[in-house]
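> Structure incoming, see below.
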Amino acid sequence: MNASVSDYRRQEESITISAVGEQFPDGSHDELLTLNFGPHHPATHGVLRLLVNLQGEVVRSIKPIVGYVHTGIEKTAEDKSYWKVIPVVERMDYLSYYFNAMAFCGAVETLVEVEVPKRAQYLRIIHLELNRIASHLIWLGTSALDLGAVSIFLYCLREREQVLDLFEMSSGQRMHTRYFQVGGVIEDIPKGFEEKVRAFTKIMPGRADEYGAILNANEIVLQRLRGTCPLDAQTLLSLGVSGPLLRAAGNPWDLRKADPYSSYEDFNFKIPVGTVGDNYDRFAVRLAEIYESVKIIDQAIDGLPEGPFITSDRKVALPPRHELATSMEALIHHFKLVTEGFRVPPGEVYYAIESPRGELGCFVRSDGSSKPARVHMRDPSFVNLQALSKMAEGSYIADMIATLAMLDPILGGIDR
Amino acid sequence: MPDATGLQLLAHELRESDAIGSEGVLDTLHFRGRASLTIAPERIRAVLLALRERGYTFLASVHGVDYLPHEPRLGVHYELLDMSRVDRVTVKLRVPTDAPEVDSVTPGGPDGPGWPTADHQEREIYDMFGVVFRGHPDLRRILMPEDYEGHPQRRDFPVGGEPVIFTFNEGERRGAAR
């Protein structure tokens, strides 16, 4: 073993927390056990590594170690023209790809000052909310799995399959669909899509009732969730936590209501909030959000306006296929967009939306060329993970597992 | 967002205060309906505290930028949010690459409580851009390996050519030293 490796080993060892004994509130001298939890562990929802110091069964400190799936997406984005960045950013938080694309497109649209047609805004909302349901279903299924409830995982995936079928119908892909484009969406929805969405929104509330019935009547689940690892709204705010975790603590902050984007102000929906911010509230808030998303989808399908599905600005959006055969202008625009991409006026914009996990902000800096000078995602999982140690310290290790599940971290979003 | 006039008033108020001073706020910008203040790096804690008193209590995001080829090259942005008025303001600062040092806003100090949310985000900026946050409780790399050399998100850092590390080549140098 050469010198640089032993340097690395020394650094690895320095991660363990030496001063933890002094942190005991009662000054006791029990032996501490430092447990390495992850990175390959089914309950970490990805490749998350936690260094947990245990006093008996009680968690004394948690140190999250991330970066195992860091793929440098932000760096890659700087090397691609704006419209080619969309598929890369979609792969950050792999359960809420429509949200990543929305945040990025919104930031670029703000920089270019392009108007998104009303129909495109509604189509976006339909897909965003379908995606929110799919993301919450994965969360519910895997979290219940962590608590020992196996069958609900299969039920959740059954409904998620339907959502993915819808995505496949509108864009040809089940995940990472690249459906959102700067200025609108890539294609209008196909014939029969509306009926299939309606069929889904008709069964979904009943299915969500069933999930609630299974879990809320389960004494073990209730004992694992009720009153475990609560955290008050003030602490959550200082830690930058947003989304369902904050709403579970009673703060009704939701960007869809507070600062509407993409025509969310047209829809009638409620924001579910909890009371004490324990694990049960976190579970209940997300389950209730599924019903609200269904309501939004129904209203968007009913009120879907006629009109173009992407901006008619040929400088940013591809011309329709049939124009290429007849119009020289269209051919030139097509060529310029596909080879070079569109140029974006210099400037910096931070554009925030409400993802299933909280505030998803996209920062884009343009230097005037056709490639972004900087793309940064403020990923809610990355920020929310800091709250884990505050939530779980002083509780049992089994409750830490439940808390991690209710935190809903997506490691693809954390590491980017 | 504060409108253009509101931003000027805000900048004026900050310049009037003793902790920041007239040299503390360098510039204001109202762009695409978004307000931002460029400040002197050494005033960051004072500015964030003053803005917290004015309602911008939620620190939504901290992120880094590399302004190559402009000097000073490295930028740190703080996105602040006022939840009761639904108002955002961005605080920006710039530091040169030869002395990339800023006070950390993570820990509390004699001037008031800190912003614990900045902990991981400052570590990410340190990791990706090499900005050193003075007073940060645990300034280590967060996304890149601990023994990585260089700061990959800088604009002059090349893309590609990264060796895949297995056990047999564990000692190989990575990053800028390769």
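Letters A, B, ... go to the chains of the structure tokens in the order shown; residues in each chain start at 1; ligands are counted from 1 in the same order.
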Against chain A, which residues of chain B fall within 9 Å? For each one I want the closest pair of atoms and the distance in Å (one decimal), counting only C-alpha atoms, rows by chain and increasing residue number, as a Markdown table.

```
| residue | atom | partner | partner_atom | distance |
| --- | --- | --- | --- | --- |
| B:Phe31 | CA | A:Gly347 | CA | 7.7 |
| B:Arg32 | CA | A:Thr110 | CA | 6.8 |
| B:Arg34 | CA | A:Val349 | CA | 7.6 |
| B:Thr57 | CA | A:Ser238 | CA | 8.3 |
| B:Phe58 | CA | A:Leu237 | CA | 6.5 |
| B:Leu59 | CA | A:Gly240 | CA | 6.4 |
| B:Ala60 | CA | A:Gly240 | CA | 6.1 |
| B:Ser61 | CA | A:Arg378 | CA | 6.2 |
| B:Val62 | CA | A:Arg378 | CA | 8.2 |
| B:His63 | CA | A:His376 | CA | 7.3 |
| B:Gly64 | CA | A:His376 | CA | 8.5 |
| B:Val65 | CA | A:Arg374 | CA | 6.8 |
| B:Asp66 | CA | A:Arg374 | CA | 7.9 |
| B:Tyr67 | CA | A:Ala373 | CA | 8.4 |
| B:Glu79 | CA | A:Tyr350 | CA | 8.1 |
| B:Met83 | CA | A:Trp253 | CA | 7.7 |
| B:Val86 | CA | A:Ala258 | CA | 6.7 |
| B:Thr90 | CA | A:Tyr350 | CA | 8.8 |
| B:Gly114 | CA | A:Ser238 | CA | 8.3 |
| B:Trp115 | CA | A:Ser238 | CA | 6.0 |
| B:Pro116 | CA | A:Leu239 | CA | 5.3 |
| B:Thr117 | CA | A:Leu239 | CA | 4.1 |
| B:Ala118 | CA | A:Leu239 | CA | 7.9 |
| B:Asp119 | CA | A:Gln386 | CA | 8.1 |
| B:His120 | CA | A:Val383 | CA | 7.2 |
| B:Gln121 | CA | A:Val383 | CA | 7.7 |
| B:Ile142 | CA | A:Gly67 | CA | 6.4 |
| B:Leu143 | CA | A:Gly67 | CA | 4.0 |
| B:Met144 | CA | A:Gly67 | CA | 6.2 |
| B:Pro145 | CA | A:Gly67 | CA | 7.6 |
| B:Glu146 | CA | A:Tyr8 | CA | 7.2 |
| B:Asp147 | CA | A:Tyr8 | CA | 6.0 |
| B:Pro152 | CA | A:Lys75 | CA | 7.8 |
| B:Gln153 | CA | A:Lys75 | CA | 6.0 |
| B:Arg154 | CA | A:Lys75 | CA | 8.8 |
| B:Arg155 | CA | A:Ala373 | CA | 8.3 |
| B:Val159 | CA | A:Lys75 | CA | 7.9 |
| B:Glu170 | CA | A:Val5 | CA | 6.9 |
| B:Gly171 | CA | A:Val5 | CA | 5.3 |
| B:Glu172 | CA | A:Ser4 | CA | 8.3 |
| B:Arg173 | CA | A:Ser4 | CA | 8.3 |
```
> Atoms to include: C-alpha atoms. Write the selected residues as a short mmCIF file (atom, residue, chain, number, x, y, z; two decimals), in the first residue's frame.

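Generated output (result_34.cif):
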```cif
data_model
loop_
_atom_site.label_atom_id
_atom_site.label_comp_id
_atom_site.auth_asym_id
_atom_site.auth_seq_id
_atom_site.Cartn_x
_atom_site.Cartn_y
_atom_site.Cartn_z
CA PHE B 31 -33.29 41.51 -13.86
CA ARG B 32 -36.34 39.65 -15.22
CA ARG B 34 -35.69 39.27 -9.79
CA THR B 57 -35.68 34.58 7.20
CA PHE B 58 -35.52 31.49 4.97
CA LEU B 59 -32.20 30.77 3.26
CA ALA B 60 -33.46 28.78 0.29
CA SER B 61 -30.22 28.05 -1.50
CA VAL B 62 -26.50 28.70 -1.43
CA HIS B 63 -24.61 27.96 -4.63
CA GLY B 64 -21.35 28.80 -6.34
CA VAL B 65 -20.55 30.22 -9.74
CA ASP B 66 -17.32 30.54 -11.70
CA TYR B 67 -17.23 33.77 -13.70
CA GLU B 79 -31.16 32.94 -2.22
CA MET B 83 -42.42 33.49 3.38
CA VAL B 86 -43.64 35.77 -0.70
CA THR B 90 -30.50 37.17 -4.02
CA GLY B 114 -26.64 31.05 12.02
CA TRP B 115 -28.23 29.32 9.05
CA PRO B 116 -27.67 25.57 9.64
CA THR B 117 -29.12 24.87 6.19
CA ALA B 118 -25.94 26.28 4.65
CA ASP B 119 -23.84 23.46 6.14
CA HIS B 120 -23.98 20.96 3.28
CA GLN B 121 -24.36 23.62 0.62
CA ILE B 142 -19.05 16.26 0.22
CA LEU B 143 -19.69 14.89 -3.27
CA MET B 144 -16.19 14.15 -4.60
CA PRO B 145 -13.88 11.57 -2.94
CA GLU B 146 -11.98 12.92 0.06
CA ASP B 147 -8.60 12.54 -1.67
CA PRO B 152 -14.21 20.13 -10.77
CA GLN B 153 -16.96 22.70 -11.22
CA ARG B 154 -14.49 25.46 -12.06
CA ARG B 155 -14.73 26.45 -15.71
CA VAL B 159 -14.19 17.21 -18.57
CA GLU B 170 -6.61 2.65 -5.65
CA GLY B 171 -3.44 4.68 -5.29
CA GLU B 172 -3.74 6.36 -8.68
CA ARG B 173 -4.04 10.09 -8.63
#
```
> Contacts of region 278-291 of chain A at 8 Å or less, counting only C-alpha atoms, minus same-chain residues fewer than 2 places along, as a ChimeraX atom specification?
/A:132-133,136,140,204-205,208,212,222,225-231,244-245,247-249,271-276,293-295,402-403,406
> Select from region 137-174 of chain A everything DSSP, run on the backbone, classes as helix (DSSP H, G or I), then give the selection as JSON, numbers by chain.
{"A": [137, 138, 139, 140, 141, 142, 143, 144, 145, 146, 151, 152, 153, 154, 155, 156, 157, 158, 159, 160, 161, 162, 163, 164, 165, 166, 167, 168, 169, 170, 171]}
> Print the selection's residues with C-alpha atoms to a file, as an mmCIF file, in the first residue's frame.

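What ended up in out_29.cif:
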```cif
data_model
loop_
_atom_site.group_PDB
_atom_site.id
_atom_site.type_symbol
_atom_site.label_atom_id
_atom_site.label_comp_id
_atom_site.auth_asym_id
_atom_site.auth_seq_id
_atom_site.Cartn_x
_atom_site.Cartn_y
_atom_site.Cartn_z
ATOM 1 C CA LEU A 137 -46.397 5.949 -4.611
ATOM 2 C CA ILE A 138 -42.789 4.816 -4.721
ATOM 3 C CA TRP A 139 -42.188 6.604 -1.451
ATOM 4 C CA LEU A 140 -45.227 4.981 0.176
ATOM 5 C CA GLY A 141 -44.374 1.523 -1.083
ATOM 6 C CA THR A 142 -40.705 1.561 -0.099
ATOM 7 C CA SER A 143 -41.377 3.244 3.241
ATOM 8 C CA ALA A 144 -43.984 0.670 4.145
ATOM 9 C CA LEU A 145 -41.471 -1.981 3.116
ATOM 10 C CA ASP A 146 -39.009 -0.525 5.624
ATOM 11 C CA SER A 151 -47.947 -6.184 0.244
ATOM 12 C CA ILE A 152 -48.554 -2.421 0.009
ATOM 13 C CA PHE A 153 -45.385 -2.066 -2.043
ATOM 14 C CA LEU A 154 -46.944 -4.207 -4.763
ATOM 15 C CA TYR A 155 -50.192 -2.243 -4.685
ATOM 16 C CA CYS A 156 -48.303 1.052 -5.018
ATOM 17 C CA LEU A 157 -46.277 -0.195 -7.952
ATOM 18 C CA ARG A 158 -49.482 -1.403 -9.593
ATOM 19 C CA GLU A 159 -50.847 2.162 -9.669
ATOM 20 C CA ARG A 160 -47.486 3.646 -10.595
ATOM 21 C CA GLU A 161 -47.430 1.355 -13.616
ATOM 22 C CA GLN A 162 -50.610 3.069 -14.824
ATOM 23 C CA VAL A 163 -48.972 6.488 -14.512
ATOM 24 C CA LEU A 164 -45.925 5.285 -16.412
ATOM 25 C CA ASP A 165 -48.229 3.906 -19.125
ATOM 26 C CA LEU A 166 -49.675 7.400 -19.455
ATOM 27 C CA PHE A 167 -46.188 8.888 -19.758
ATOM 28 C CA GLU A 168 -45.370 6.320 -22.397
ATOM 29 C CA MET A 169 -48.497 7.260 -24.279
ATOM 30 C CA SER A 170 -47.766 10.992 -24.344
ATOM 31 C CA SER A 171 -44.019 10.894 -24.924
#
```
> Out of region 83-305 of chain A, which residues get strand (DSSP E or B) from DSSP, as a list in words?
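Matching residues for strand (DSSP E or B) in region 83-305 of chain A are Phe180, Gln181, Gly184 and Val185 of chain A.
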> Go ahead and dump the residues you just picked, N, CA and C atoms, as a PDB file, in the first residue's frame.

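Now in selection.pdb:
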```
ATOM      1  N   PHE A 180     -41.007  17.905 -21.613  1.00  0.00           N
ATOM      2  CA  PHE A 180     -41.012  19.374 -21.509  1.00  0.00           C
ATOM      3  C   PHE A 180     -39.878  19.953 -22.341  1.00  0.00           C
ATOM      4  N   GLN A 181     -40.179  20.996 -23.058  1.00  0.00           N
ATOM      5  CA  GLN A 181     -39.179  21.700 -23.847  1.00  0.00           C
ATOM      6  C   GLN A 181     -39.201  23.169 -23.454  1.00  0.00           C
ATOM      7  N   GLY A 184     -42.626  25.116 -24.100  1.00  0.00           N
ATOM      8  CA  GLY A 184     -43.843  24.307 -24.110  1.00  0.00           C
ATOM      9  C   GLY A 184     -43.533  22.846 -23.917  1.00  0.00           C
ATOM     10  N   VAL A 185     -44.254  21.989 -24.622  1.00  0.00           N
ATOM     11  CA  VAL A 185     -43.993  20.547 -24.572  1.00  0.00           C
ATOM     12  C   VAL A 185     -43.711  20.067 -25.983  1.00  0.00           C
TER      13      VAL A 185
END
```
> Between CA of Asn218 (chain A) and CA of Ala392 (chain A), what is the distance, to one decimal in Å?
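Interatomic distance, CA of Asn218 (chain A) to CA of Ala392 (chain A): 22.9 Å.
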> Expressed in Å to a single decimal, how great is the separation between CA of His333 (chain A) and CA of Ser263 (chain A)?
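Spanning CA of His333 (chain A) to CA of Ser263 (chain A) is a straight-line distance of 29.1 Å.
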> Using only C-alpha atoms, which of the listed residues (B:Arg123, B:Arg45, B:His136, B:His30) sits closest to Leu93 (chain B)?
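Ranked by minimum distance to Leu93 (chain B), first place goes to B:Arg45.
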> Could you pull the residues within 6 Å of Val95 (chain B), counting only C-alpha atoms, minus those fewer than 5 positions along the same chain, as a PyMOL selection string?
chain B and resi 72+74+100
> Pick out the closest residue to Gly413 (chain A) from this set: A:Met328, A:Val197, A:Ala134, A:Val88. Count only C-alpha atoms.
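Looking at the shortest contact to Gly413 (chain A), the residue is A:Val88.
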> Please list as a ChimeraX atom specification every residue within 10 Å of Asp103 (chain B), counting only C-alpha atoms and excluding residues in the same chain fewer than 3 positions away.
/B:41-45,106-107,132-136
> For the atom pair CA of Val25 (chain B) and CA of Ala40 (chain B), what is the interatomic distance in Å to one decimal place?
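Interatomic distance here is 6.2 Å.
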> Give me the residues within 12 Å of Asp3 (chain B) as number ranges by chain, counting only C-alpha atoms and dropping any in the same chain fewer than 5 places off.
B: 8-10, 28-36, 87-89
> Keeping only N, CA and C atoms, write the selected residues to a file as a CSV table (one decimal), in the first residue's frame.

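Writing the result to result11.csv gives the following:
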```
chain,number,residue,atom,x,y,z
B,8,GLN,N,-33.8,49.4,-4.5
B,8,GLN,CA,-32.9,50.6,-4.2
B,8,GLN,C,-33.0,51.0,-2.8
B,9,LEU,N,-34.3,51.0,-2.3
B,9,LEU,CA,-34.5,51.4,-0.9
B,9,LEU,C,-33.8,50.4,0.1
B,10,LEU,N,-34.0,49.1,-0.3
B,10,LEU,CA,-33.3,48.1,0.6
B,10,LEU,C,-31.8,48.3,0.6
B,28,THR,N,-26.6,46.8,-7.2
B,28,THR,CA,-27.9,46.2,-7.2
B,28,THR,C,-28.3,45.9,-8.6
B,29,LEU,N,-29.1,44.9,-8.8
B,29,LEU,CA,-29.5,44.5,-10.1
B,29,LEU,C,-31.0,44.0,-10.1
B,30,HIS,N,-31.8,44.6,-11.0
B,30,HIS,CA,-33.2,44.1,-11.1
B,30,HIS,C,-33.3,43.5,-12.5
B,31,PHE,N,-33.4,42.2,-12.6
B,31,PHE,CA,-33.3,41.5,-13.9
B,31,PHE,C,-34.4,40.5,-14.0
B,32,ARG,N,-35.2,40.6,-15.0
B,32,ARG,CA,-36.3,39.7,-15.2
B,32,ARG,C,-37.2,39.5,-14.0
B,33,GLY,N,-37.4,40.7,-13.3
B,33,GLY,CA,-38.3,40.6,-12.2
B,33,GLY,C,-37.7,40.1,-10.9
B,34,ARG,N,-36.4,39.8,-11.0
B,34,ARG,CA,-35.7,39.3,-9.8
B,34,ARG,C,-34.7,40.3,-9.2
B,35,ALA,N,-34.7,40.4,-7.9
B,35,ALA,CA,-33.8,41.4,-7.3
B,35,ALA,C,-32.6,40.8,-6.8
B,36,SER,N,-31.4,41.4,-7.0
B,36,SER,CA,-30.2,40.9,-6.4
B,36,SER,C,-29.3,42.0,-5.9
B,87,ASP,N,-41.6,36.9,-1.0
B,87,ASP,CA,-40.6,37.8,-1.6
B,87,ASP,C,-39.2,37.2,-1.6
B,88,ARG,N,-38.5,37.3,-2.7
B,88,ARG,CA,-37.2,36.7,-2.8
B,88,ARG,C,-36.2,37.8,-3.1
B,89,VAL,N,-35.0,37.6,-2.5
B,89,VAL,CA,-33.9,38.5,-2.9
B,89,VAL,C,-32.6,37.6,-2.9
```
> Ranking B:Asp27, B:Gly112, B:Glu162, B:Leu139 by minimum distance to Arg15 (chain B) and counting only C-alpha atoms, which one comes first?
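The answer is B:Asp27, which sits nearest to Arg15 (chain B).
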> Which residues are near Ile220 (chain A)? Cut-off 10 Å, only C-alpha atoms, ignore same chain within fewer than 3 positions. Put them as a list in words.
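Those residues are Leu147, Gly148, Ala149, Leu215, Asn216, Ala217, Gln223, Arg224 and Leu225 of chain A.
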> Produce a file of the selected residues containing C-alpha atoms, as a short mmCIF file (atom, residue, chain, number, x, y, z; two decimals), in the first residue's frame.

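After the write, part32.cif holds the following:
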```
data_model
loop_
_atom_site.label_atom_id
_atom_site.label_comp_id
_atom_site.auth_asym_id
_atom_site.auth_seq_id
_atom_site.Cartn_x
_atom_site.Cartn_y
_atom_site.Cartn_z
CA LEU A 147 -41.67 -0.86 8.31
CA GLY A 148 -42.23 -4.49 7.40
CA ALA A 149 -45.40 -4.13 5.33
CA LEU A 215 -51.83 1.26 7.02
CA ASN A 216 -54.09 3.24 9.33
CA ALA A 217 -55.66 0.06 10.65
CA GLN A 223 -46.90 2.52 16.77
CA ARG A 224 -43.85 2.90 14.57
CA LEU A 225 -45.02 6.27 13.21
#
```
> Rank B:Arg94, B:Val105, B:Pro2, B:Met128 by their smallest atom-to-atom distance to Leu81 (chain B), using only C-alpha atoms, and report the top residue only.
B:Pro2
